[in-house]
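For reference, the structure discussed in these notes is given below.
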Amino acid sequence: MTPIFLCRVEELADPGTRNIVLGEGEDELDIIIVQTNGTRRAFVNSCPHQFIPLETFPNHFLTEDKKFFVCSGHGARFELSTGACISGPCLGKALDRLHIEETDGGIYLTEDLPPADIARSKRAARPLVVIAASLRLATAAREQKSGHDPCEERAGKLRRDEGGHIQRVDSCEGRRQGAGQSHSRIGE
Ligand code: FES
């Protein structure tokens, strides 16, 4: 397959990461590129515990000391060089590695399969019992990345238009719609 450009080497700190998403919906392949000690590697951004993206906030994949990936779901930590889980609920499993090559300072995905096929095959390999839970968690994670807060939606501050896009209700309308409702983030 023709190599697919992901980013340039100089866009990465050392240690540092870049998040690249190819495709969308069922075809979406979410990729973490990490640079450490002058070497670049790529992994699928999907925690082997519940198959959700590792990060809650954009491009926050590393522990504070930048020595490991950390999953914001339940705190699993992974080696930067291999993607192997070294602590947490998926100990013994690993992030899926992707093949990359570098040409003229560019980093390219060089898998045999197109990104959409990789994404679908990874999904098909998941245990059925976690698919429903992971879909819910992945949707919540994606909405949080995009600034959508489900609590705000329930309180009437956000609504979806006919196309399913999130829109903020003006404050007066939000108060009218939210009148009489109460909610708490604690314990949700
Ligand atoms: S989903 Fe990553 S540690 Fe649970």
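Following the order of the structure tokens, chains are lettered A, B, ..., residues in each are numbered from 1, and ligands are numbered from 1.
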
From the DSSP assignment of the backbone, select every residue of stretch 2-79 of chain A that is strand (DSSP E or B), and format the answer as a PyMOL selection string. chain A and resi 4-8+16-22+29-36+39-44+62+68-70+77-79

Writing out the chosen residues with C-alpha atoms as a JSON list (two decimals), in the first residue's frame:
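Wrote part.json, looks like this:
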```
[["chain", "number", "residue", "atom", "x", "y", "z"],
["A", 4, "ILE", "CA", 0.42, 7.49, 4.26],
["A", 5, "PHE", "CA", 1.90, 10.69, 5.63],
["A", 6, "LEU", "CA", 1.28, 11.13, 9.38],
["A", 7, "CYS", "CA", 3.42, 14.06, 10.57],
["A", 8, "ARG", "CA", 6.91, 15.50, 10.49],
["A", 16, "GLY", "CA", 6.64, 13.52, 23.20],
["A", 17, "THR", "CA", 3.60, 12.35, 21.29],
["A", 18, "ARG", "CA", 1.32, 13.24, 18.38],
["A", 19, "ASN", "CA", -2.22, 12.00, 17.89],
["A", 20, "ILE", "CA", -3.26, 11.35, 14.29],
["A", 21, "VAL", "CA", -6.74, 10.13, 13.37],
["A", 22, "LEU", "CA", -7.29, 8.67, 9.90],
["A", 29, "LEU", "CA", -7.87, 4.54, 12.92],
["A", 30, "ASP", "CA", -6.67, 6.51, 15.95],
["A", 31, "ILE", "CA", -2.86, 6.58, 16.10],
["A", 32, "ILE", "CA", -0.34, 7.68, 18.74],
["A", 33, "ILE", "CA", 3.13, 8.53, 17.48],
["A", 34, "VAL", "CA", 5.70, 8.69, 20.25],
["A", 35, "GLN", "CA", 9.30, 9.86, 20.17],
["A", 36, "THR", "CA", 11.70, 8.79, 22.89],
["A", 39, "THR", "CA", 13.34, 6.99, 17.99],
["A", 40, "ARG", "CA", 9.79, 7.21, 16.67],
["A", 41, "ARG", "CA", 7.13, 4.50, 17.04],
["A", 42, "ALA", "CA", 3.40, 4.30, 16.38],
["A", 43, "PHE", "CA", 0.61, 2.50, 18.23],
["A", 44, "VAL", "CA", -3.14, 2.20, 17.89],
["A", 62, "LEU", "CA", 2.22, 10.23, 29.02],
["A", 68, "PHE", "CA", 5.23, 5.65, 30.14],
["A", 69, "PHE", "CA", 1.92, 5.90, 28.33],
["A", 70, "VAL", "CA", -0.93, 6.09, 30.83],
["A", 77, "ARG", "CA", 0.75, 2.15, 32.18],
["A", 78, "PHE", "CA", 2.56, 1.04, 29.03],
["A", 79, "GLU", "CA", 6.19, 1.06, 27.89]]
```

Taking only C-alpha atoms and all ligand atoms into account, which residues have an atom no farther than 12 Å from ligand 1? I'd like them as JSON, numbers by chain. {"A": [45, 46, 47, 48, 49, 50, 51, 52, 53, 54, 55, 56, 61, 69, 70, 71, 72, 73, 74, 75, 76, 77, 78, 85, 86, 87, 88, 89, 90, 91, 93, 94, 95, 130, 133, 134, 135, 136, 137, 138, 141]}

What parts of stretch 46-123 of chain A does DSSP call alpha helix (DSSP H)? I'd like the answer as a PDB file with C-alpha atoms, in the first residue's frame.
```pdb
ATOM      1  CA  PRO A 115      -6.230   2.272   7.691  1.00  0.00           C
ATOM      2  CA  ALA A 116      -9.953   1.459   7.474  1.00  0.00           C
ATOM      3  CA  ASP A 117      -9.210  -2.269   7.172  1.00  0.00           C
ATOM      4  CA  ILE A 118      -6.796  -2.113  10.105  1.00  0.00           C
ATOM      5  CA  ALA A 119      -9.436  -0.353  12.218  1.00  0.00           C
ATOM      6  CA  ARG A 120     -12.108  -2.908  11.305  1.00  0.00           C
ATOM      7  CA  SER A 121      -9.857  -5.909  11.920  1.00  0.00           C
ATOM      8  CA  LYS A 122      -8.853  -4.585  15.361  1.00  0.00           C
ATOM      9  CA  ARG A 123     -12.521  -4.115  16.228  1.00  0.00           C
TER      10      ARG A 123
END
```

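Nearest to A:Leu12 of all the residues A:Arg97, A:Leu109, A:Thr103, A:Asn37 is A:Asn37, counting only C-alpha atoms.
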
Calculated over only C-alpha atoms, which of the candidates A:Pro15, A:Gly25, A:Gly105, A:Gly92 has the smallest distance to A:Thr63?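 Residue with the minimum atom-to-atom distance to A:Thr63: A:Pro15.
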